[in-house]
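Dropping my_file-v8.pdb in here (PDB, C-alpha atoms):
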```
ATOM      1  CA  ILE O 134     -17.464  10.599  -0.535  1.00  0.00           C
ATOM      2  CA  ALA O 135     -15.538  12.694  -3.076  1.00  0.00           C
ATOM      3  CA  LEU O 136     -11.837  12.964  -2.218  1.00  0.00           C
ATOM      4  CA  PRO O 137      -9.706  15.996  -3.139  1.00  0.00           C
ATOM      5  CA  VAL O 138      -7.410  14.905  -5.987  1.00  0.00           C
ATOM      6  CA  PHE O 139      -3.870  16.245  -6.493  1.00  0.00           C
ATOM      7  CA  PRO O 140      -2.209  15.079  -9.753  1.00  0.00           C
ATOM      8  CA  LEU O 141       1.555  14.596  -9.875  1.00  0.00           C
ATOM      9  CA  ARG O 142       2.868  14.951 -13.403  1.00  0.00           C
ATOM     10  CA  GLU O 143       5.907  13.392 -15.008  1.00  0.00           C
ATOM     11  CA  GLY O 144       9.135  14.962 -13.822  1.00  0.00           C
ATOM     12  CA  SER O 145       7.733  15.808 -10.398  1.00  0.00           C
ATOM     13  CA  ARG O 146       9.148  14.012  -7.377  1.00  0.00           C
ATOM     14  CA  LEU O 147       7.091  14.111  -4.209  1.00  0.00           C
ATOM     15  CA  VAL O 148       9.139  14.406  -1.028  1.00  0.00           C
ATOM     16  CA  ILE O 149       8.040  15.262   2.461  1.00  0.00           C
ATOM     17  CA  ASP O 150      10.096  18.465   2.516  1.00  0.00           C
ATOM     18  CA  GLY O 151       8.145  19.737  -0.501  1.00  0.00           C
ATOM     19  CA  ILE O 152       4.728  19.379   1.130  1.00  0.00           C
ATOM     20  CA  HIS O 153       2.995  22.050   3.146  1.00  0.00           C
ATOM     21  CA  VAL O 154      -0.058  21.117   5.214  1.00  0.00           C
ATOM     22  CA  THR O 155      -2.363  23.937   6.232  1.00  0.00           C
ATOM     23  CA  ILE O 156      -4.994  23.280   8.891  1.00  0.00           C
ATOM     24  CA  ASP O 157      -8.100  25.419   8.453  1.00  0.00           C
ATOM     25  CA  SER O 158     -10.597  24.385  11.141  1.00  0.00           C
ATOM     26  CA  PRO O 159     -13.176  22.966  11.113  1.00  0.00           C
ATOM     27  CA  ARG O 160     -12.090  21.626   7.715  1.00  0.00           C
ATOM     28  CA  SER O 161      -8.520  20.765   6.789  1.00  0.00           C
ATOM     29  CA  ALA O 162      -6.904  21.864   3.551  1.00  0.00           C
ATOM     30  CA  ILE O 163      -3.772  20.472   1.993  1.00  0.00           C
ATOM     31  CA  SER O 164      -1.471  22.233  -0.452  1.00  0.00           C
ATOM     32  CA  LEU O 165       0.957  20.032  -2.383  1.00  0.00           C
ATOM     33  CA  GLN O 166       4.069  21.327  -4.114  1.00  0.00           C
ATOM     34  CA  THR O 167       6.435  19.208  -6.152  1.00  0.00           C
ATOM     35  CA  GLN O 168      10.160  19.509  -5.765  1.00  0.00           C
ATOM     36  CA  ASN O 169      10.804  21.070  -9.152  1.00  0.00           C
ATOM     37  CA  GLY O 170       7.597  23.096  -9.210  1.00  0.00           C
ATOM     38  CA  SER O 171       6.832  22.036 -12.773  1.00  0.00           C
ATOM     39  CA  SER O 172       3.643  23.534 -14.162  1.00  0.00           C
ATOM     40  CA  GLY O 173       3.684  21.915 -17.600  1.00  0.00           C
ATOM     41  CA  ARG O 174       0.706  20.209 -19.210  1.00  0.00           C
ATOM     42  CA  LEU O 175       2.174  16.726 -18.965  1.00  0.00           C
ATOM     43  CA  VAL O 176      -0.296  13.985 -18.064  1.00  0.00           C
ATOM     44  CA  ALA O 177      -0.163  12.860 -14.430  1.00  0.00           C
ATOM     45  CA  ASN O 178       1.201   9.403 -13.678  1.00  0.00           C
ATOM     46  CA  GLN O 179       0.115   9.368 -10.025  1.00  0.00           C
ATOM     47  CA  TYR O 180      -2.355  11.142  -7.759  1.00  0.00           C
ATOM     48  CA  ILE O 181      -2.459  12.047  -4.066  1.00  0.00           C
ATOM     49  CA  LEU O 182      -5.906  11.808  -2.464  1.00  0.00           C
ATOM     50  CA  ASP O 183      -6.834  13.565   0.765  1.00  0.00           C
ATOM     51  CA  GLY O 184      -8.913  11.103   2.770  1.00  0.00           C
ATOM     52  CA  ARG O 185      -9.059  12.919   6.084  1.00  0.00           C
ATOM     53  CA  ALA O 186     -12.738  13.813   5.630  1.00  0.00           C
ATOM     54  CA  VAL O 187     -13.839  10.179   5.331  1.00  0.00           C
ATOM     55  CA  GLY O 188     -13.518   9.343   9.024  1.00  0.00           C
ATOM     56  CA  SER O 189     -13.991   5.576   8.580  1.00  0.00           C
ATOM     57  CA  ALA O 190     -12.564   2.579   6.767  1.00  0.00           C
ATOM     58  CA  VAL O 191     -12.813   2.586   2.967  1.00  0.00           C
ATOM     59  CA  SER O 192     -13.724  -0.537   0.997  1.00  0.00           C
ATOM     60  CA  GLU O 193     -13.738   0.851  -2.548  1.00  0.00           C
ATOM     61  CA  LEU O 194     -12.342   3.665  -4.667  1.00  0.00           C
ATOM     62  CA  ARG O 195     -14.119   4.764  -7.836  1.00  0.00           C
ATOM     63  CA  VAL O 196     -12.144   6.873 -10.300  1.00  0.00           C
ATOM     64  CA  SER O 197     -13.636   9.012 -13.068  1.00  0.00           C
ATOM     65  CA  TRP O 198     -12.315  10.638 -16.228  1.00  0.00           C
ATOM     66  CA  PRO O 199     -13.785  12.837 -19.001  1.00  0.00           C
ATOM     67  CA  GLU O 200     -16.522  11.372 -21.197  1.00  0.00           C
ATOM     68  CA  THR O 201     -14.368  12.081 -24.238  1.00  0.00           C
ATOM     69  CA  ALA O 202     -11.384  10.152 -22.852  1.00  0.00           C
ATOM     70  CA  SER O 203      -9.515   7.921 -25.282  1.00  0.00           C
ATOM     71  CA  ASP O 204      -9.500   4.111 -25.064  1.00  0.00           C
ATOM     72  CA  TYR O 205      -7.291   2.609 -22.389  1.00  0.00           C
ATOM     73  CA  SER O 206      -6.689  -0.664 -20.563  1.00  0.00           C
ATOM     74  CA  GLY O 207      -4.117  -0.952 -17.777  1.00  0.00           C
ATOM     75  CA  ARG O 208      -3.546  -1.277 -14.046  1.00  0.00           C
ATOM     76  CA  MET O 209      -3.217   0.950 -10.986  1.00  0.00           C
ATOM     77  CA  SER O 210      -1.642   0.493  -7.573  1.00  0.00           C
ATOM     78  CA  VAL O 211      -3.088   1.956  -4.379  1.00  0.00           C
ATOM     79  CA  GLU O 212      -0.991   3.038  -1.409  1.00  0.00           C
ATOM     80  CA  VAL O 213      -1.915   4.678   1.905  1.00  0.00           C
ATOM     81  CA  SER O 214      -0.122   6.912   4.387  1.00  0.00           C
ATOM     82  CA  ASP O 215      -0.818   8.867   7.549  1.00  0.00           C
ATOM     83  CA  ASP O 216       2.096  11.295   7.219  1.00  0.00           C
ATOM     84  CA  LEU O 217       2.783  11.600   3.449  1.00  0.00           C
ATOM     85  CA  GLY O 218       6.222  10.154   4.087  1.00  0.00           C
ATOM     86  CA  THR O 219       5.721   6.431   4.687  1.00  0.00           C
ATOM     87  CA  TRP O 220       3.515   4.560   2.230  1.00  0.00           C
ATOM     88  CA  ARG O 221       1.971   1.086   2.408  1.00  0.00           C
ATOM     89  CA  THR O 222       0.577  -0.811  -0.591  1.00  0.00           C
ATOM     90  CA  VAL O 223      -3.023  -2.001  -0.199  1.00  0.00           C
ATOM     91  CA  VAL O 224      -3.752  -2.915  -3.839  1.00  0.00           C
ATOM     92  CA  ALA O 225      -0.840  -4.027  -6.003  1.00  0.00           C
ATOM     93  CA  ALA O 226      -2.489  -4.041  -9.442  1.00  0.00           C
ATOM     94  CA  ALA O 227      -6.137  -3.082  -9.998  1.00  0.00           C
ATOM     95  CA  PRO O 228      -7.457  -3.332 -13.579  1.00  0.00           C
ATOM     96  CA  ILE O 229      -8.703  -0.092 -15.136  1.00  0.00           C
ATOM     97  CA  ALA O 230     -10.429   0.044 -18.534  1.00  0.00           C
ATOM     98  CA  ASN O 231     -12.113   2.613 -20.752  1.00  0.00           C
ATOM     99  CA  LEU O 232     -13.015   0.873 -24.016  1.00  0.00           C
ATOM    100  CA  ARG O 233     -15.633   1.816 -26.608  1.00  0.00           C
ATOM    101  CA  ALA O 234     -16.634   0.189 -29.901  1.00  0.00           C
ATOM    102  CA  ASN O 235     -19.806   0.074 -32.016  1.00  0.00           C
ATOM    103  CA  ASP O 236     -21.789   2.200 -29.563  1.00  0.00           C
ATOM    104  CA  GLN O 237     -20.830  -0.169 -26.736  1.00  0.00           C
ATOM    105  CA  ALA O 238     -18.723   0.708 -23.684  1.00  0.00           C
ATOM    106  CA  LEU O 239     -16.620  -1.379 -21.319  1.00  0.00           C
ATOM    107  CA  ILE O 240     -15.783   0.696 -18.242  1.00  0.00           C
ATOM    108  CA  GLU O 241     -13.868  -0.629 -15.235  1.00  0.00           C
ATOM    109  CA  ASN O 242     -13.244   2.204 -12.792  1.00  0.00           C
ATOM    110  CA  ARG O 243     -13.850   0.552  -9.413  1.00  0.00           C
ATOM    111  CA  ILE O 244     -10.969  -0.526  -7.180  1.00  0.00           C
ATOM    112  CA  LEU O 245     -12.056  -2.951  -4.461  1.00  0.00           C
ATOM    113  CA  LEU O 246      -9.921  -3.291  -1.341  1.00  0.00           C
ATOM    114  CA  ALA O 247     -10.020  -4.661   2.165  1.00  0.00           C
ATOM    115  CA  PRO O 248     -11.502  -2.076   4.583  1.00  0.00           C
ATOM    116  CA  THR O 249      -8.665   0.418   5.093  1.00  0.00           C
ATOM    117  CA  THR O 250      -8.367   3.567   7.193  1.00  0.00           C
ATOM    118  CA  ALA O 251      -5.838   6.216   6.120  1.00  0.00           C
ATOM    119  CA  LYS O 252      -5.414   9.971   5.949  1.00  0.00           C
ATOM    120  CA  TYR O 253      -3.847  10.016   2.511  1.00  0.00           C
ATOM    121  CA  TRP O 254      -4.065   7.777  -0.542  1.00  0.00           C
ATOM    122  CA  ARG O 255      -1.799   7.498  -3.567  1.00  0.00           C
ATOM    123  CA  ILE O 256      -2.906   5.868  -6.824  1.00  0.00           C
ATOM    124  CA  GLN O 257      -0.389   5.291  -9.594  1.00  0.00           C
ATOM    125  CA  TRP O 258      -0.378   3.861 -13.115  1.00  0.00           C
ATOM    126  CA  LEU O 259       1.746   0.718 -13.298  1.00  0.00           C
ATOM    127  CA  GLU O 260       2.062   0.600 -17.066  1.00  0.00           C
ATOM    128  CA  GLN O 261       1.881   3.156 -19.826  1.00  0.00           C
ATOM    129  CA  ARG O 262      -0.412   5.850 -18.494  1.00  0.00           C
ATOM    130  CA  PRO O 263      -3.470   6.919 -20.483  1.00  0.00           C
ATOM    131  CA  ALA O 264      -3.748  10.129 -22.463  1.00  0.00           C
ATOM    132  CA  PHE O 265      -6.457  11.394 -20.094  1.00  0.00           C
ATOM    133  CA  GLU O 266      -6.300  12.474 -16.467  1.00  0.00           C
ATOM    134  CA  ILE O 267      -8.445  11.310 -13.583  1.00  0.00           C
ATOM    135  CA  THR O 268     -10.882  14.066 -12.659  1.00  0.00           C
ATOM    136  CA  THR O 269     -12.620  12.740  -9.535  1.00  0.00           C
ATOM    137  CA  VAL O 270     -12.186   9.909  -7.036  1.00  0.00           C
ATOM    138  CA  PHE O 271     -14.964   8.694  -4.747  1.00  0.00           C
ATOM    139  CA  ALA O 272     -14.374   6.643  -1.599  1.00  0.00           C
ATOM    140  CA  GLU O 273     -16.978   4.131  -0.411  1.00  0.00           C
ATOM    141  CA  PRO O 274     -17.003   3.800   3.401  1.00  0.00           C
ATOM    142  CA  ALA O 275     -17.014   0.160   4.461  1.00  0.00           C
ATOM    143  CA  ASP O 276     -19.806   0.661   6.989  1.00  0.00           C
ATOM    144  CA  SER O 277     -22.149   1.896   4.233  1.00  0.00           C
ATOM    145  CA  LEU O 278     -22.204  -1.535   2.586  1.00  0.00           C
ATOM    146  CA  SER O 279     -24.798  -3.990   3.833  1.00  0.00           C
ATOM    147  CA  ALA O 280     -24.927  -7.689   3.061  1.00  0.00           C
ATOM    148  CA  PRO O 281     -27.405  -8.440   0.242  1.00  0.00           C
ATOM    149  CA  LEU O 282     -30.440 -10.556   0.949  1.00  0.00           C
ATOM    150  CA  SER O 283     -30.071 -14.122  -0.234  1.00  0.00           C
ATOM    151  CA  ALA O 284     -32.340 -17.103  -0.767  1.00  0.00           C
ATOM    152  CA  ALA O 285     -31.839 -20.808  -1.410  1.00  0.00           C
ATOM    153  CA  VAL O 286     -33.536 -22.687  -4.212  1.00  0.00           C
ATOM    154  CA  GLU O 287     -33.541 -26.459  -4.782  1.00  0.00           C
ATOM    155  CA  VAL O 288     -33.539 -27.544  -8.435  1.00  0.00           C
ATOM    156  CA  VAL O 289     -33.774 -31.101  -9.790  1.00  0.00           C
ATOM    157  CA  GLY O 290     -31.426 -31.854 -12.633  1.00  0.00           C
ATOM    158  CA  GLN O 291     -32.620 -33.118 -16.005  1.00  0.00           C
ATOM    159  CA  ALA O 292     -30.561 -35.075 -18.510  1.00  0.00           C
ATOM    160  CA  ASP O 293     -29.373 -32.984 -21.443  1.00  0.00           C
ATOM    161  CA  PRO O 294     -30.866 -34.531 -24.607  1.00  0.00           C
ATOM    162  CA  ALA O 295     -27.921 -33.209 -26.608  1.00  0.00           C
ATOM    163  CA  ASN O 296     -25.239 -34.715 -24.355  1.00  0.00           C
ATOM    164  CA  ALA O 297     -25.722 -37.780 -22.159  1.00  0.00           C
ATOM    165  CA  ASN O 298     -22.927 -36.679 -19.770  1.00  0.00           C
ATOM    166  CA  ASP O 299     -24.551 -33.323 -18.982  1.00  0.00           C
ATOM    167  CA  CYS O 300     -27.331 -32.377 -16.576  1.00  0.00           C
ATOM    168  CA  LEU O 301     -29.398 -29.218 -16.889  1.00  0.00           C
ATOM    169  CA  PHE O 302     -30.663 -27.220 -13.903  1.00  0.00           C
ATOM    170  CA  ASP O 303     -33.241 -24.508 -14.630  1.00  0.00           C
ATOM    171  CA  LEU O 304     -33.331 -21.841 -11.900  1.00  0.00           C
ATOM    172  CA  GLY O 305     -36.362 -20.193 -13.448  1.00  0.00           C
ATOM    173  CA  ALA O 306     -34.597 -16.819 -13.442  1.00  0.00           C
ATOM    174  CA  HIS O 307     -31.290 -15.183 -14.393  1.00  0.00           C
ATOM    175  CA  ALA O 308     -30.221 -14.626 -10.781  1.00  0.00           C
ATOM    176  CA  PRO O 309     -26.777 -14.061  -9.227  1.00  0.00           C
ATOM    177  CA  VAL O 310     -25.405 -17.214  -7.601  1.00  0.00           C
ATOM    178  CA  SER O 311     -22.893 -17.176  -4.738  1.00  0.00           C
ATOM    179  CA  HIS O 312     -22.463 -20.922  -4.223  1.00  0.00           C
ATOM    180  CA  VAL O 313     -23.813 -24.288  -5.374  1.00  0.00           C
ATOM    181  CA  ASN O 314     -24.386 -27.494  -3.372  1.00  0.00           C
ATOM    182  CA  ILE O 315     -24.601 -30.645  -5.477  1.00  0.00           C
ATOM    183  CA  VAL O 316     -26.433 -33.659  -4.023  1.00  0.00           C
ATOM    184  CA  LEU O 317     -25.023 -36.908  -5.427  1.00  0.00           C
ATOM    185  CA  PRO O 318     -27.063 -40.121  -5.755  1.00  0.00           C
ATOM    186  CA  GLU O 319     -24.812 -42.183  -3.471  1.00  0.00           C
ATOM    187  CA  VAL O 320     -23.079 -41.605  -0.130  1.00  0.00           C
ATOM    188  CA  ASN O 321     -19.285 -41.107  -0.257  1.00  0.00           C
ATOM    189  CA  MET O 322     -19.434 -40.599  -4.024  1.00  0.00           C
ATOM    190  CA  VAL O 323     -16.759 -38.421  -5.621  1.00  0.00           C
ATOM    191  CA  VAL O 324     -17.081 -36.959  -9.122  1.00  0.00           C
ATOM    192  CA  GLY O 325     -15.352 -34.284 -11.163  1.00  0.00           C
ATOM    193  CA  VAL O 326     -17.748 -31.536 -12.181  1.00  0.00           C
ATOM    194  CA  ASP O 327     -17.563 -28.595 -14.607  1.00  0.00           C
ATOM    195  CA  LEU O 328     -20.146 -25.889 -13.875  1.00  0.00           C
ATOM    196  CA  SER O 329     -21.271 -23.451 -16.555  1.00  0.00           C
ATOM    197  CA  SER O 330     -24.231 -21.129 -17.069  1.00  0.00           C
ATOM    198  CA  ARG O 331     -26.157 -19.689 -19.984  1.00  0.00           C
ATOM    199  CA  ARG O 332     -29.288 -17.825 -20.926  1.00  0.00           C
ATOM    200  CA  LEU O 333     -32.076 -19.696 -22.677  1.00  0.00           C
TER     201      LEU O 333
END
```

Have the structure of the file written as structure tokens, please.
Amino acid sequence: IALPVFPLREGSRLVIDGIHVTIDSPRSAISLQTQNGSSGRLVANQYILDGRAVGSAVSELRVSWPETASDYSGRMSVEVSDDLGTWRTVVAAAPIANLRANDQALIENRILLAPTTAKYWRIQWLEQRPAFEITTVFAEPADSLSAPLSAAVEVVGQADPANANDCLFDLGAHAPVSHVNIVLPEVNMVVGVDLSSRRL
């Protein structure tokens, strides 16, 4: 669900007295005004999101920026409110990245959170803000996520010919793994284990 995004630029201070909420049934519209009414082209350091149209708990926010945006790596906080006056932090520091090199891209624009219900959301850069502005924010309702199907596979370990202390387990596929149960040769046996993975 796309959320209406209201950028707050540097020098603007959001206070409850400077906000006007207009109800336009059946849909609600919100008009935000900053205290000093600045209309400069400064880059926003925080954004107010109107989440009243979601109607359910949210488990993820996905932010977007222009394709031509410059490289950036930093963190964002996420706060929620039901009255635009009292805010509660739900994510203290989510990593955000937009990195490109040699025709490769590393994009991290998803913010995962515990299922949260709120009318309004506020996201804010914690460090030096990027040179670009966030253009859209999508909210993922928690009830739209279903548990993935899973299967168990039993694999017999083989001694690693290159290292006598290592055992190799071939899953037969490059599959996602959620947990591993190791069966030891003796009852009440305790060992220290390092687990790593690789492609053939």

(Q) Assuming the chain letters and numbering stay as they are in my file, what does the PyMOL selection byres ((chain O and resi 222-226) around 7) actually select? List them as a ChimeraX atom specification. (A) /O:208-213,220-221,227-228,246

Can you turn the PyMOL selection byres ((chain O and resi 192) around 8) into a concrete residue list for this file, as a PDB file with C-alpha atoms, keeping the file's coordinate frame?
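Written file, selection_27.pdb:
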```
ATOM      1  CA  ALA O 190     -12.564   2.579   6.767  1.00  0.00           C
ATOM      2  CA  VAL O 191     -12.813   2.586   2.967  1.00  0.00           C
ATOM      3  CA  GLU O 193     -13.738   0.851  -2.548  1.00  0.00           C
ATOM      4  CA  LEU O 194     -12.342   3.665  -4.667  1.00  0.00           C
ATOM      5  CA  LEU O 245     -12.056  -2.951  -4.461  1.00  0.00           C
ATOM      6  CA  LEU O 246      -9.921  -3.291  -1.341  1.00  0.00           C
ATOM      7  CA  ALA O 247     -10.020  -4.661   2.165  1.00  0.00           C
ATOM      8  CA  PRO O 248     -11.502  -2.076   4.583  1.00  0.00           C
ATOM      9  CA  THR O 249      -8.665   0.418   5.093  1.00  0.00           C
ATOM     10  CA  ALA O 272     -14.374   6.643  -1.599  1.00  0.00           C
ATOM     11  CA  GLU O 273     -16.978   4.131  -0.411  1.00  0.00           C
ATOM     12  CA  PRO O 274     -17.003   3.800   3.401  1.00  0.00           C
ATOM     13  CA  ALA O 275     -17.014   0.160   4.461  1.00  0.00           C
TER      14      ALA O 275
END
```

Q: Give me, please, the distance in Å between CA of Val288 in chain O and CA of Val326 in chain O, quoted to one decimal.
A: 16.7 Å

Q. Taking (-27.1, -14.2, -11.8) in the file's coordinates as the center, which residues reach within 12 Å of it, counting all atoms listed in the file, put as a list in words?
A.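 Checked against the point, the hits come out as Ser283, Leu304, Gly305, Ala306, His307, Ala308, Pro309, Val310, Ser311, His312, Ser329, Ser330, Arg331 and Arg332 of chain O.
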
Step by step, gather every atom of range 292-299 of chain O that the file lists, find the box along x, y and z that holds them, add 8 Å on each side, and finally give centre and edge lengths in Å to one decimal, as AutoDock Vina command-line options.
```
--center_x -26.9 --center_y -35.4 --center_z -22.6 --size_x 23.9 --size_y 20.8 --size_z 24.1
```

Q: Name the residues that the PyMOL selection byres ((chain O and resi 240) around 9) picks from the file above, as a ChimeraX atom specification, using the file's chain letters and numbers.
A: /O:229-233,238-239,241-242

Q) Looking at O:Pro137, O:Pro199, O:Gly184, O:Gly218, which one is nearest to Glu266 in chain O, with distances taken over only C-alpha atoms? A)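 Under the stated criterion, the closest residue is O:Pro199.
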
(Q) Just to confirm, what's the straight-line distance from CA of Ile134 in chain O to CA of Thr219 in chain O in Å (one decimal)? (A)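 Distance between the two atoms: 24.1 Å.
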
Q. Can you tell me how far CA of Ala234 in chain O sits from CA of Ala177 in chain O, in Å to one decimal?
A.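 It comes out at 25.9 Å.
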
Q.
When you count all atoms listed in the file, which of these residues is closest to Tyr205 in chain O: O:Asn296, O:Gln261, O:Ser189, O:Thr268?
A.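 So, comparing all the options, the nearest one is O:Gln261.
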
Q.
What's around Asp293 in chain O at 12 Å? Count all atoms listed in the file, leave out sequence neighbours fewer than 6 positions away in its own chain, and write the answer as a PyMOL selection string.
A. chain O and resi 299-303

Q: Have a look at O:Ser197, O:Asn235, O:Asn178, O:Thr250 and name the one nearest to Thr269 in chain O; count only C-alpha atoms.
A: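 Checking each candidate against Thr269 in chain O, we get O:Ser197 as the closest.
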